[in-house]
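One file, final05.pdb, is given below (PDB, C-alpha atoms and all ligand atoms).
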MODEL        1
ATOM      1  CA  MET N   1      24.029  -8.849-131.274
ATOM      2  CA  LEU N   2      22.512  -6.993-134.222
ATOM      3  CA  GLY N   3      20.050  -9.848-134.807
ATOM      4  CA  PHE N   4      17.856  -9.061-131.798
ATOM      5  CA  PRO N   5      16.983  -5.484-132.735
ATOM      6  CA  CYS N   6      16.352  -6.616-136.301
ATOM      7  CA  LEU N   7      14.033  -9.418-135.174
ATOM      8  CA  LEU N   8      12.190  -7.096-132.838
ATOM      9  CA  TRP N   9      11.794  -4.563-135.638
ATOM     10  CA  LEU N  10      10.461  -7.227-138.018
ATOM     11  CA  LEU N  11       7.985  -8.465-135.394
ATOM     12  CA  ALA N  12       6.863  -4.928-134.705
ATOM     13  CA  VAL N  13       6.343  -4.269-138.414
ATOM     14  CA  THR N  14       4.363  -7.496-139.005
ATOM     15  CA  PHE N  15       2.100  -6.966-135.965
ATOM     16  CA  SER N  16       1.503  -3.369-136.926
ATOM     17  CA  LEU N  17       0.522  -4.465-140.484
ATOM     18  CA  VAL N  18      -1.836  -7.298-139.463
ATOM     19  CA  PRO N  19      -4.362  -5.125-137.607
ATOM     20  CA  ARG N  20      -4.378  -2.747-140.574
ATOM     21  CA  VAL N  21      -5.345  -5.550-142.994
ATOM     22  CA  HIS N  22      -8.313  -6.700-140.924
ATOM     23  CA  PRO N  23     -10.217  -3.407-140.676
ATOM     24  CA  LEU N  24      -9.992  -3.073-144.488
ATOM     25  CA  ALA N  25     -12.003  -6.231-145.142
ATOM     26  CA  PRO N  26     -15.257  -5.147-143.409
ATOM     27  CA  GLU N  27     -15.014  -1.813-145.196
ATOM     28  CA  ASP N  28     -14.858  -3.602-148.566
ATOM     29  CA  PHE N  29     -17.895  -5.702-147.746
ATOM     30  CA  GLY N  30     -19.698  -2.612-146.599
ATOM     31  CA  GLU N  31     -19.044  -0.909-149.928
ATOM     32  CA  GLU N  32     -20.325  -3.919-151.891
ATOM     33  CA  GLU N  33     -23.489  -4.063-149.795
ATOM     34  CA  GLU N  34     -24.025  -0.378-150.372
ATOM     35  CA  ASP N  35     -23.612  -0.955-154.154
ATOM     36  CA  GLU N  36     -26.093  -3.832-154.208
ATOM     37  CA  THR N  37     -28.861  -2.178-152.210
ATOM     38  CA  PRO N  38     -29.793   0.550-154.735
ATOM     39  CA  ARG N  39     -29.665  -1.965-157.652
ATOM     40  CA  SER N  40     -32.254  -4.454-156.377
ATOM     41  CA  PRO N  41     -35.396  -2.251-156.478
ATOM     42  CA  LEU N  42     -34.722  -1.337-160.171
ATOM     43  CA  PRO N  43     -36.482  -3.515-162.812
ATOM     44  CA  ALA N  44     -33.226  -4.531-164.519
ATOM     45  CA  VAL N  45     -34.994  -7.242-166.572
ATOM     46  CA  LEU N  46     -35.034  -6.666-170.312
ATOM     47  CA  CYS N  47     -38.212  -7.557-172.177
ATOM     48  CA  ASP N  48     -38.016 -10.650-174.383
ATOM     49  CA  TYR N  49     -37.744  -8.479-177.471
ATOM     50  CA  ASP N  50     -35.432  -9.200-180.448
ATOM     51  CA  ARG N  51     -35.470  -6.598-183.209
ATOM     52  CA  CYS N  52     -34.384  -9.251-185.758
ATOM     53  CA  ARG N  53     -36.960 -11.941-184.780
ATOM     54  CA  HIS N  54     -39.713 -12.701-187.295
ATOM     55  CA  LEU N  55     -43.275 -12.021-186.038
ATOM     56  CA  GLN N  56     -41.865 -10.091-183.050
ATOM     57  CA  VAL N  57     -44.596  -8.363-181.040
ATOM     58  CA  PRO N  58     -43.652  -4.675-180.473
ATOM     59  CA  CYS N  59     -41.845  -4.176-177.152
ATOM     60  CA  ARG N  60     -44.467  -1.711-175.822
ATOM     61  CA  GLU N  61     -47.117  -4.430-176.176
ATOM     62  CA  LEU N  62     -44.826  -6.934-174.393
ATOM     63  CA  GLN N  63     -44.452  -4.410-171.565
ATOM     64  CA  ARG N  64     -48.222  -4.025-171.261
ATOM     65  CA  ALA N  65     -48.849  -7.785-171.282
ATOM     66  CA  SER N  66     -46.001  -8.757-168.946
ATOM     67  CA  PRO N  67     -46.880  -9.221-165.223
ATOM     68  CA  ARG N  68     -43.332  -8.073-164.232
ATOM     69  CA  ALA N  69     -41.960  -4.696-165.248
ATOM     70  CA  CYS N  70     -39.412  -5.023-168.059
ATOM     71  CA  LEU N  71     -37.246  -2.641-170.047
ATOM     72  CA  CYS N  72     -37.551  -1.875-173.771
ATOM     73  CA  PRO N  73     -34.871  -0.394-176.041
ATOM     74  CA  GLY N  74     -35.293   3.342-176.534
ATOM     75  CA  LEU N  75     -37.200   4.493-179.616
ATOM     76  CA  SER N  76     -37.032   7.660-181.671
ATOM     77  CA  SER N  77     -39.975  10.052-181.620
ATOM     78  CA  PRO N  78     -43.183   8.897-183.384
ATOM     79  CA  LEU N  79     -43.275  12.404-184.920
ATOM     80  CA  GLN N  80     -40.163  11.556-186.957
ATOM     81  CA  PRO N  81     -39.878   9.093-189.861
ATOM     82  CA  PRO N  82     -38.269   5.804-188.726
ATOM     83  CA  SER N  83     -34.519   5.176-188.992
ATOM     84  CA  PRO N  84     -33.608   2.715-191.770
ATOM     85  CA  PRO N  85     -33.989  -0.978-190.883
ATOM     86  CA  ARG N  86     -30.868  -3.161-191.248
ATOM     87  CA  LEU N  87     -30.908  -5.759-193.992
ATOM     88  CA  GLY N  88     -29.754  -9.152-192.739
ATOM     89  CA  GLU N  89     -29.225 -12.506-194.406
ATOM     90  CA  VAL N  90     -30.416 -12.968-198.009
ATOM     91  CA  HIS N  91     -30.877 -16.599-198.998
ATOM     92  CA  VAL N  92     -31.189 -17.196-202.759
ATOM     93  CA  VAL N  93     -32.931 -20.343-204.030
ATOM     94  CA  ALA N  94     -31.591 -20.383-207.598
ATOM     95  CA  GLU N  95     -33.678 -23.373-208.825
ATOM     96  CA  GLU N  96     -36.947 -21.618-207.884
ATOM     97  CA  GLY N  97     -35.844 -18.104-208.861
ATOM     98  CA  SER N  98     -36.644 -16.855-205.373
ATOM     99  CA  ALA N  99     -34.868 -15.340-202.393
ATOM    100  CA  ILE N 100     -35.694 -15.024-198.690
ATOM    101  CA  VAL N 101     -34.719 -11.663-197.193
ATOM    102  CA  HIS N 102     -34.290 -11.030-193.441
ATOM    103  CA  TRP N 103     -34.007  -7.683-191.673
ATOM    104  CA  CYS N 104     -33.877  -6.100-188.226
ATOM    105  CA  ALA N 105     -36.177  -3.354-186.949
ATOM    106  CA  PRO N 106     -34.767   0.145-186.370
ATOM    107  CA  SER N 107     -34.952   1.861-182.954
ATOM    108  CA  SER N 108     -38.065   3.737-184.088
ATOM    109  CA  PRO N 109     -41.839   3.252-184.020
ATOM    110  CA  VAL N 110     -42.752   1.392-187.246
ATOM    111  CA  HIS N 111     -46.237   0.859-188.723
ATOM    112  CA  GLN N 112     -45.244  -1.122-191.788
ATOM    113  CA  TYR N 113     -42.379  -2.324-194.006
ATOM    114  CA  TRP N 114     -41.972  -3.000-197.688
ATOM    115  CA  LEU N 115     -39.174  -4.207-199.946
ATOM    116  CA  LEU N 116     -37.739  -2.458-202.993
ATOM    117  CA  LEU N 117     -36.237  -4.664-205.697
ATOM    118  CA  GLY N 118     -34.130  -3.130-208.473
ATOM    119  CA  GLU N 119     -32.557  -4.874-211.437
ATOM    120  CA  GLY N 120     -29.298  -3.168-212.483
ATOM    121  CA  SER N 121     -29.987   0.447-213.436
ATOM    122  CA  GLU N 122     -33.801   0.053-213.669
ATOM    123  CA  ALA N 123     -36.084   1.843-211.194
ATOM    124  CA  PRO N 124     -36.706  -0.376-208.132
ATOM    125  CA  GLN N 125     -40.132  -2.011-207.763
ATOM    126  CA  LYS N 126     -42.059  -1.648-204.506
ATOM    127  CA  GLY N 127     -43.293  -4.841-202.860
ATOM    128  CA  PRO N 128     -46.554  -5.309-200.912
ATOM    129  CA  PRO N 129     -46.877  -3.662-197.451
ATOM    130  CA  LEU N 130     -45.867  -5.895-194.523
ATOM    131  CA  ASN N 131     -47.031  -5.344-190.949
ATOM    132  CA  SER N 132     -44.654  -4.205-188.179
ATOM    133  CA  THR N 133     -44.094  -7.747-186.788
ATOM    134  CA  ILE N 134     -42.634  -9.060-190.070
ATOM    135  CA  ARG N 135     -38.839  -9.473-190.401
ATOM    136  CA  ARG N 136     -38.675 -11.899-193.334
ATOM    137  CA  ALA N 137     -40.104 -11.868-196.875
ATOM    138  CA  GLU N 138     -39.792 -13.931-200.025
ATOM    139  CA  LEU N 139     -38.958 -12.446-203.420
ATOM    140  CA  LYS N 140     -40.219 -14.437-206.386
ATOM    141  CA  GLY N 141     -39.722 -14.431-210.148
ATOM    142  CA  LEU N 142     -35.989 -13.641-210.036
ATOM    143  CA  LYS N 143     -34.168 -14.175-213.321
ATOM    144  CA  PRO N 144     -31.133 -16.468-213.371
ATOM    145  CA  GLY N 145     -27.756 -14.835-213.885
ATOM    146  CA  VAL N 146     -29.055 -11.361-212.867
ATOM    147  CA  ALA N 147     -27.774  -9.155-210.009
ATOM    148  CA  TYR N 148     -30.411  -7.198-208.068
ATOM    149  CA  VAL N 149     -30.341  -4.560-205.377
ATOM    150  CA  VAL N 150     -32.841  -5.147-202.552
ATOM    151  CA  CYS N 151     -33.745  -2.531-199.923
ATOM    152  CA  VAL N 152     -36.071  -2.659-196.923
ATOM    153  CA  VAL N 153     -38.071   0.446-196.037
ATOM    154  CA  ALA N 154     -39.835   1.165-192.712
ATOM    155  CA  ALA N 155     -42.694   3.651-192.439
ATOM    156  CA  ASN N 156     -44.825   5.269-189.739
ATOM    157  CA  ALA N 157     -47.335   8.129-189.623
ATOM    158  CA  ALA N 158     -44.508  10.703-189.980
ATOM    159  CA  GLY N 159     -42.980   9.231-193.126
ATOM    160  CA  GLU N 160     -40.660   6.534-194.397
ATOM    161  CA  SER N 161     -37.027   5.603-193.705
ATOM    162  CA  SER N 162     -34.310   6.974-195.968
ATOM    163  CA  LEU N 163     -32.333   5.031-198.577
ATOM    164  CA  PRO N 164     -28.576   5.409-199.151
ATOM    165  CA  GLY N 165     -27.634   7.566-202.166
ATOM    166  CA  ALA N 166     -29.554   7.597-205.445
ATOM    167  CA  GLY N 167     -30.476   4.130-206.681
ATOM    168  CA  GLY N 168     -28.448   2.393-203.963
ATOM    169  CA  GLU N 169     -25.077   3.450-205.379
ATOM    170  CA  GLY N 170     -23.458   3.362-201.945
ATOM    171  CA  PRO N 171     -23.660  -0.398-201.332
ATOM    172  CA  GLU N 172     -22.908  -1.133-204.993
ATOM    173  CA  GLY N 173     -19.744   0.938-204.852
ATOM    174  CA  THR N 174     -18.289  -0.751-201.781
ATOM    175  CA  GLY N 175     -19.075  -4.299-202.930
ATOM    176  CA  GLY N 176     -18.654  -5.661-199.389
ATOM    177  CA  PRO N 177     -21.281  -6.645-196.787
ATOM    178  CA  THR N 178     -23.656  -3.815-196.011
ATOM    179  CA  PHE N 179     -24.940  -2.694-192.620
ATOM    180  CA  GLY N 180     -27.694  -0.490-194.032
ATOM    181  CA  PRO N 181     -31.149  -1.117-195.481
ATOM    182  CA  CYS N 182     -29.880  -2.293-198.907
ATOM    183  CA  GLY N 183     -27.912  -5.242-200.188
ATOM    184  CA  ARG N 184     -27.004  -6.975-203.400
ATOM    185  CA  LEU N 185     -28.540 -10.224-204.505
ATOM    186  CA  ALA N 186     -26.956 -12.245-207.317
ATOM    187  CA  VAL N 187     -28.989 -15.100-208.794
ATOM    188  CA  PRO N 188     -26.613 -17.745-210.193
ATOM    189  CA  PRO N 189     -27.181 -18.935-213.796
ATOM    190  CA  ARG N 190     -29.571 -21.862-214.298
ATOM    191  CA  PRO N 191     -28.119 -25.314-213.654
ATOM    192  CA  ARG N 192     -29.171 -26.214-217.228
ATOM    193  CA  SER N 193     -26.944 -23.553-218.756
ATOM    194  CA  LEU N 194     -24.118 -24.776-216.526
ATOM    195  CA  VAL N 195     -24.656 -28.308-217.933
ATOM    196  CA  HIS N 196     -24.580 -26.898-221.472
ATOM    197  CA  ALA N 197     -21.331 -25.103-220.700
ATOM    198  CA  ALA N 198     -19.823 -28.271-219.210
ATOM    199  CA  VAL N 199     -20.863 -30.338-222.293
ATOM    200  CA  GLY N 200     -19.371 -27.669-224.573
ATOM    201  CA  VAL N 201     -16.045 -27.627-222.732
ATOM    202  CA  GLY N 202     -15.991 -31.448-222.681
ATOM    203  CA  THR N 203     -16.631 -31.672-226.452
ATOM    204  CA  ALA N 204     -13.914 -29.124-227.163
ATOM    205  CA  LEU N 205     -11.430 -31.069-225.022
ATOM    206  CA  ALA N 206     -12.352 -34.368-226.727
ATOM    207  CA  LEU N 207     -11.933 -32.815-230.201
ATOM    208  CA  LEU N 208      -8.557 -31.352-229.181
ATOM    209  CA  SER N 209      -7.255 -34.686-227.872
ATOM    210  CA  CYS N 210      -8.499 -36.490-231.055
ATOM    211  CA  GLY N 211      -6.687 -33.914-233.173
ATOM    212  CA  ALA N 212      -3.529 -34.341-231.106
ATOM    213  CA  LEU N 213      -3.702 -38.135-231.461
ATOM    214  CA  VAL N 214      -4.232 -37.969-235.246
ATOM    215  CA  TRP N 215      -1.359 -35.495-235.589
ATOM    216  CA  HIS N 216       0.892 -37.725-233.444
ATOM    217  CA  PHE N 217       0.190 -40.853-235.525
ATOM    218  CA  CYS N 218       0.714 -38.976-238.823
ATOM    219  CA  LEU N 219       4.106 -37.773-237.612
ATOM    220  CA  ARG N 220       5.032 -41.294-236.482
ATOM    221  CA  GLN N 221       4.143 -42.751-239.863
ATOM    222  CA  ARG N 222       6.326 -40.166-241.640
ATOM    223  CA  CYS N 223       9.271 -40.022-239.247
ATOM    224  CA  GLY N 224       9.047 -43.521-237.660
ATOM    225  CA  CYS N 225      11.859 -45.006-239.884
ATOM    226  CA  PRO N 226      14.878 -43.213-238.270
ATOM    227  CA  ARG N 227      13.798 -44.486-234.809
ATOM    228  CA  ARG N 228      13.965 -48.121-235.911
ATOM    229  CA  THR N 229      17.281 -47.690-237.728
ATOM    230  CA  GLN N 230      19.024 -45.840-234.853
ATOM    231  CA  PRO N 231      19.420 -48.844-232.476
ATOM    232  CA  ALA N 232      20.772 -50.915-235.382
ATOM    233  CA  ALA N 233      23.213 -48.183-236.454
ATOM    234  CA  ARG N 234      24.909 -47.755-233.027
ATOM    235  CA  PRO N 235      26.354 -51.290-232.730
ATOM    236  CA  VAL N 236      27.804 -50.874-236.204
ATOM    237  CA  GLU N 237      29.576 -47.708-235.105
ATOM    238  CA  ARG N 238      30.997 -49.415-231.983
ATOM    239  CA  LEU N 239      32.314 -52.350-233.997
TER     240      LEU N 239
HETATM  241  C1  LIG G 301     -48.742  -9.631-189.575
HETATM  242  O1  LIG G 301     -48.693 -10.453-190.717
HETATM  243  C2  LIG G 301     -48.509 -11.824-190.433
HETATM  244  C3  LIG G 301     -48.341 -12.551-191.742
HETATM  245  O2  LIG G 301     -49.175 -12.076-192.740
HETATM  246  C4  LIG G 301     -49.683 -12.344-189.625
HETATM  247  O3  LIG G 301     -49.471 -13.702-189.304
HETATM  248  C5  LIG G 301     -49.805 -11.542-188.352
HETATM  249  O4  LIG G 301     -50.933 -11.943-187.636
HETATM  250  C6  LIG G 301     -49.891 -10.054-188.661
HETATM  251  N1  LIG G 301     -49.840  -9.340-187.411
HETATM  252  C7  LIG G 301     -50.598  -8.263-187.182
HETATM  253  C8  LIG G 301     -50.394  -7.646-185.850
HETATM  254  O5  LIG G 301     -51.368  -7.827-188.000
ENDMDL
END

Please render this file's structure as structure tokens.
Amino acid sequence: MLGFPCLLWLLAVTFSLVPRVHPLAPEDFGEEEEDETPRSPLPAVLCDYDRCRHLQVPCRELQRASPRACLCPGLSSPLQPPSPPRLGEVHVVAEEGSAIVHWCAPSSPVHQYWLLLGEGSEAPQKGPPLNSTIRRAELKGLKPGVAYVVCVVAANAAGESSLPGAGGEGPEGTGGPTFGPCGRLAVPPRPRSLVHAAVGVGTALALLSCGALVWHFCLRQRCGCPRRTQPAARPVERL
């Protein structure tokens, strides 16, 4: 007898819930449509600009040349010196004593770049000026077995980008990968000197083993007699 009221109650609850679910769905769609409508008129397309790409045309020029409106990353004021560029991959070619350095542009107007190369504690040498599209340069005449500090500097009409600490002590102190304008560059020793070292170690090992062999045979000649007599002596003891 209690089952009927329960069933009726359940049916009432389910039917009262179903109409509530349906009106929610159109509301949701309505909200999404409202969200989409203000987005479409905006030029949400980013310009094909990569701050790390070599020979990258400045984004403002891309904007001017492009038939469709596109967005550029924000830049600092041209009345301020540029922010420091970020040094990227440094590829050392030990056999040629050269290295290829990559970097990424800062979010600032840049007129030119140059590299600074320092050997140990010596004052860093300034490289030739490079135009604002350049993101890669080759360093030549590097000495084998020497560690250098390389920095990339950006400049515009207002001045040049700053360098960390005095003489790049910051990146040298940490020893890890750097995210600033400077990095360390270690040229491995010449392959020839490695061959010399290998020959030296090999000769030393050969001399050592010869010495050990000679010593072993000398000992055998002196103390060889007891070894031969021992097997003969044991049967005598057993008998
Ligand atoms: C920048 O320098 C590179 C290499 O020297 C050259 O190919 C390029 O045309 C120059 N770009 C401008 C805008 O001067």

- request: Give as a PyMOL selection string the residues surrounding ligand LIG 301 (chain G) up to a distance of 9 Å, considering only C-alpha atoms and all ligand atoms.
  value: chain N and resi 55+57+130-134

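You can rank N:Ala94, N:Glu61, N:Ala157, N:His111 by their closest distance to Pro189 (chain N) using all atoms listed in the file, and at the top of that list sits N:Ala94.
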
task: In Å, rounded to a single decimal, give me how far CA of Cys52 (chain N) is from CA of Val93 (chain N).
output: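 About the pair CA of Val93 (chain N) and CA of Cys52 (chain N): they are 21.4 Å apart.
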
Any idea what's packed within 10 Å of region 135-141 of chain N, counting all atoms listed in the file, ignoring anything in its chain fewer than 5 positions away? Could you give it as a PDB file with C-alpha atoms, in the frame of the given file?
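Result went into out37.pdb, see below:
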ATOM      1  CA  ARG N  51     -35.470  -6.598-183.209  1.00  0.00           C
ATOM      2  CA  CYS N  52     -34.384  -9.251-185.758  1.00  0.00           C
ATOM      3  CA  ARG N  53     -36.960 -11.941-184.780  1.00  0.00           C
ATOM      4  CA  HIS N  54     -39.713 -12.701-187.295  1.00  0.00           C
ATOM      5  CA  LEU N  55     -43.275 -12.021-186.038  1.00  0.00           C
ATOM      6  CA  GLN N  56     -41.865 -10.091-183.050  1.00  0.00           C
ATOM      7  CA  PRO N  85     -33.989  -0.978-190.883  1.00  0.00           C
ATOM      8  CA  LEU N  87     -30.908  -5.759-193.992  1.00  0.00           C
ATOM      9  CA  GLY N  88     -29.754  -9.152-192.739  1.00  0.00           C
ATOM     10  CA  GLU N  89     -29.225 -12.506-194.406  1.00  0.00           C
ATOM     11  CA  VAL N  90     -30.416 -12.968-198.009  1.00  0.00           C
ATOM     12  CA  HIS N  91     -30.877 -16.599-198.998  1.00  0.00           C
ATOM     13  CA  VAL N  92     -31.189 -17.196-202.759  1.00  0.00           C
ATOM     14  CA  VAL N  93     -32.931 -20.343-204.030  1.00  0.00           C
ATOM     15  CA  GLU N  96     -36.947 -21.618-207.884  1.00  0.00           C
ATOM     16  CA  GLY N  97     -35.844 -18.104-208.861  1.00  0.00           C
ATOM     17  CA  SER N  98     -36.644 -16.855-205.373  1.00  0.00           C
ATOM     18  CA  ALA N  99     -34.868 -15.340-202.393  1.00  0.00           C
ATOM     19  CA  ILE N 100     -35.694 -15.024-198.690  1.00  0.00           C
ATOM     20  CA  VAL N 101     -34.719 -11.663-197.193  1.00  0.00           C
ATOM     21  CA  HIS N 102     -34.290 -11.030-193.441  1.00  0.00           C
ATOM     22  CA  TRP N 103     -34.007  -7.683-191.673  1.00  0.00           C
ATOM     23  CA  CYS N 104     -33.877  -6.100-188.226  1.00  0.00           C
ATOM     24  CA  ALA N 105     -36.177  -3.354-186.949  1.00  0.00           C
ATOM     25  CA  TYR N 113     -42.379  -2.324-194.006  1.00  0.00           C
ATOM     26  CA  TRP N 114     -41.972  -3.000-197.688  1.00  0.00           C
ATOM     27  CA  LEU N 115     -39.174  -4.207-199.946  1.00  0.00           C
ATOM     28  CA  LEU N 117     -36.237  -4.664-205.697  1.00  0.00           C
ATOM     29  CA  GLY N 127     -43.293  -4.841-202.860  1.00  0.00           C
ATOM     30  CA  LEU N 130     -45.867  -5.895-194.523  1.00  0.00           C
ATOM     31  CA  VAL N 150     -32.841  -5.147-202.552  1.00  0.00           C
ATOM     32  CA  VAL N 152     -36.071  -2.659-196.923  1.00  0.00           C
TER      33      VAL N 152
END

message: From the options N:Pro81, N:Glu95, N:Thr203, N:Gly183, which residue's atoms come nearest to Ala154 (chain N), counting all atoms listed in the file?
response: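 Under the stated criterion, the closest residue is N:Pro81.
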
query: Hey, what's within 12 Å of Ser83 (chain N) if we count all atoms listed in the file and toss same-chain stuff fewer than 6 positions away? As a PyMOL selection string, please?
result: chain N and resi 75-77+104-110+113+152-156+158-164+180-181

Report, as lines of an AutoDock Vina configuration file, the axis-aligned box around all atoms of region 181-185 of chain N present in the file, extended by 4 Å on each side; give centre and edge lengths in Å to one decimal place.
center_x = -29.1
center_y = -5.7
center_z = -200.0
size_x = 12.1
size_y = 17.1
size_z = 17.0

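The shell of residues at most 8 Å from region 119-125 of chain N, with all atoms listed in the file counted and near chain neighbours (fewer than 2 positions) removed, consists of Leu116, Leu117, Gly127, Val146, Ala147, Tyr148, Val149 and Gly167 of chain N.
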
query: Distance CA of Val201 (chain N)-CA of Lys143 (chain N), one decimal place?
result: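 Interatomic distance, CA of Val201 (chain N) to CA of Lys143 (chain N): 24.5 Å.
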
task: Grab the CA of Asp48 (chain N) to CA of Arg64 (chain N) distance for me, in Å with one decimal place.
output: 12.6 Å

message: Applying 8 Å and only C-alpha atoms, which residues near Val45 (chain N) remain after dropping the ones on its own chain fewer than 2 positions away? List them as a list in words.
response: Pro43, Cys47, Ala69, Cys70 and Leu71 of chain N
